[in-house]
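Here's the structure, in structure tokens; my notes come after.
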Amino acid sequence: MGKLKTKKTLIKRVKISKNGKIVKKATASSHNKRKWSASKRFRKLRESLIDTRGIVKKIKKLLPGR
């Protein structure tokens, strides 16, 4: 069987940390932020950790060699 190709779109959306944890950016944080409260804006800046076992397993399968 040949090599598995990595999914390029997933590389753009997800980052794997040094310890192997999967981190993603918050959704809906690109524009129209003026009406949001300051706390919501800062909350959306932070990255969130994906810790659901099933999702982590699927993501790691789509990113071989990472």
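Ligands are numbered from 1 in the order shown, chains are lettered A, B, ... in the order of the structure tokens, and residues start at 1 in each chain.
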Task: Test item: residues at most 8 Å from A:Leu63, only C-alpha atoms, excluding those fewer than 4 positions along its chain, as a list in words - done: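 Neighbouring residues, sequence-local ones excluded: Lys5, Thr6, Lys7, Leu10, Ile11 and Ile59 of chain A.
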Open item on the list: Show me, as number ranges by chain, the residues that have an atom within 12 Å of A:Phe42 when counting only C-alpha atoms, minus same-chain residues fewer than 5 positions from it.
Closed with: A: 26, 29, 33, 36-37, 47
TODO: Give me every helix (DSSP H, G or I) residue in chain A, going by DSSP on the backbone, as a ChimeraX atom specification.
DONE: /A:8-13,38-45,53-62
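Minimum atom-to-atom distance to A:Leu45, evaluated using only C-alpha atoms, belongs to A:Lys25 out of A:Leu62, A:Leu4, A:Asn32, A:Lys25.
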Compile the contact shell of A:Lys60 as a PDB file with N, CA and C atoms, in the first residue's frame: residues with an atom at most 10 Å away, counting only C-alpha atoms, same-chain residues fewer than 4 positions apart removed.
```pdb
ATOM      1  N   THR A   6      -1.488  13.719   3.382  1.00  0.00           N
ATOM      2  CA  THR A   6      -2.101  14.516   4.450  1.00  0.00           C
ATOM      3  C   THR A   6      -3.185  15.393   3.850  1.00  0.00           C
ATOM      4  N   ILE A  16      -0.916  20.552  15.793  1.00  0.00           N
ATOM      5  CA  ILE A  16      -0.569  19.522  16.772  1.00  0.00           C
ATOM      6  C   ILE A  16       0.568  20.066  17.632  1.00  0.00           C
ATOM      7  N   GLY A  20       1.712  16.333  21.321  1.00  0.00           N
ATOM      8  CA  GLY A  20       0.773  15.533  20.545  1.00  0.00           C
ATOM      9  C   GLY A  20      -0.685  15.895  20.739  1.00  0.00           C
ATOM     10  N   ILE A  22      -4.079  18.143  20.102  1.00  0.00           N
ATOM     11  CA  ILE A  22      -4.611  18.826  18.926  1.00  0.00           C
ATOM     12  C   ILE A  22      -5.291  20.112  19.370  1.00  0.00           C
ATOM     13  N   ILE A  55     -12.712  12.056  17.856  1.00  0.00           N
ATOM     14  CA  ILE A  55     -12.312  13.107  16.919  1.00  0.00           C
ATOM     15  C   ILE A  55     -10.796  13.156  16.798  1.00  0.00           C
ATOM     16  N   VAL A  56     -10.099  13.018  17.919  1.00  0.00           N
ATOM     17  CA  VAL A  56      -8.628  13.022  17.909  1.00  0.00           C
ATOM     18  C   VAL A  56      -8.107  11.880  17.049  1.00  0.00           C
ATOM     19  N   PRO A  64      -1.130  11.807   8.574  1.00  0.00           N
ATOM     20  CA  PRO A  64      -0.047  10.868   8.815  1.00  0.00           C
ATOM     21  C   PRO A  64       1.312  11.564   8.798  1.00  0.00           C
ATOM     22  N   GLY A  65       2.197  11.118   9.644  1.00  0.00           N
ATOM     23  CA  GLY A  65       3.545  11.687   9.671  1.00  0.00           C
ATOM     24  C   GLY A  65       3.639  12.999  10.405  1.00  0.00           C
ATOM     25  N   ARG A  66       2.615  13.381  11.144  1.00  0.00           N
ATOM     26  CA  ARG A  66       2.639  14.642  11.875  1.00  0.00           C
ATOM     27  C   ARG A  66       2.556  14.375  13.346  1.00  0.00           C
TER      28      ARG A  66
END
```
Task: Residues flagged strand (DSSP E or B) by DSSP in chain A, as a list of chain:residue names - done: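 Of chain A, the ones in strand (DSSP E or B) are A:Val14, A:Lys15, A:Ile16, A:Ile22, A:Val23, A:Lys24, A:Lys25, A:Glu47, A:Ser48, A:Leu49, A:Ile50.
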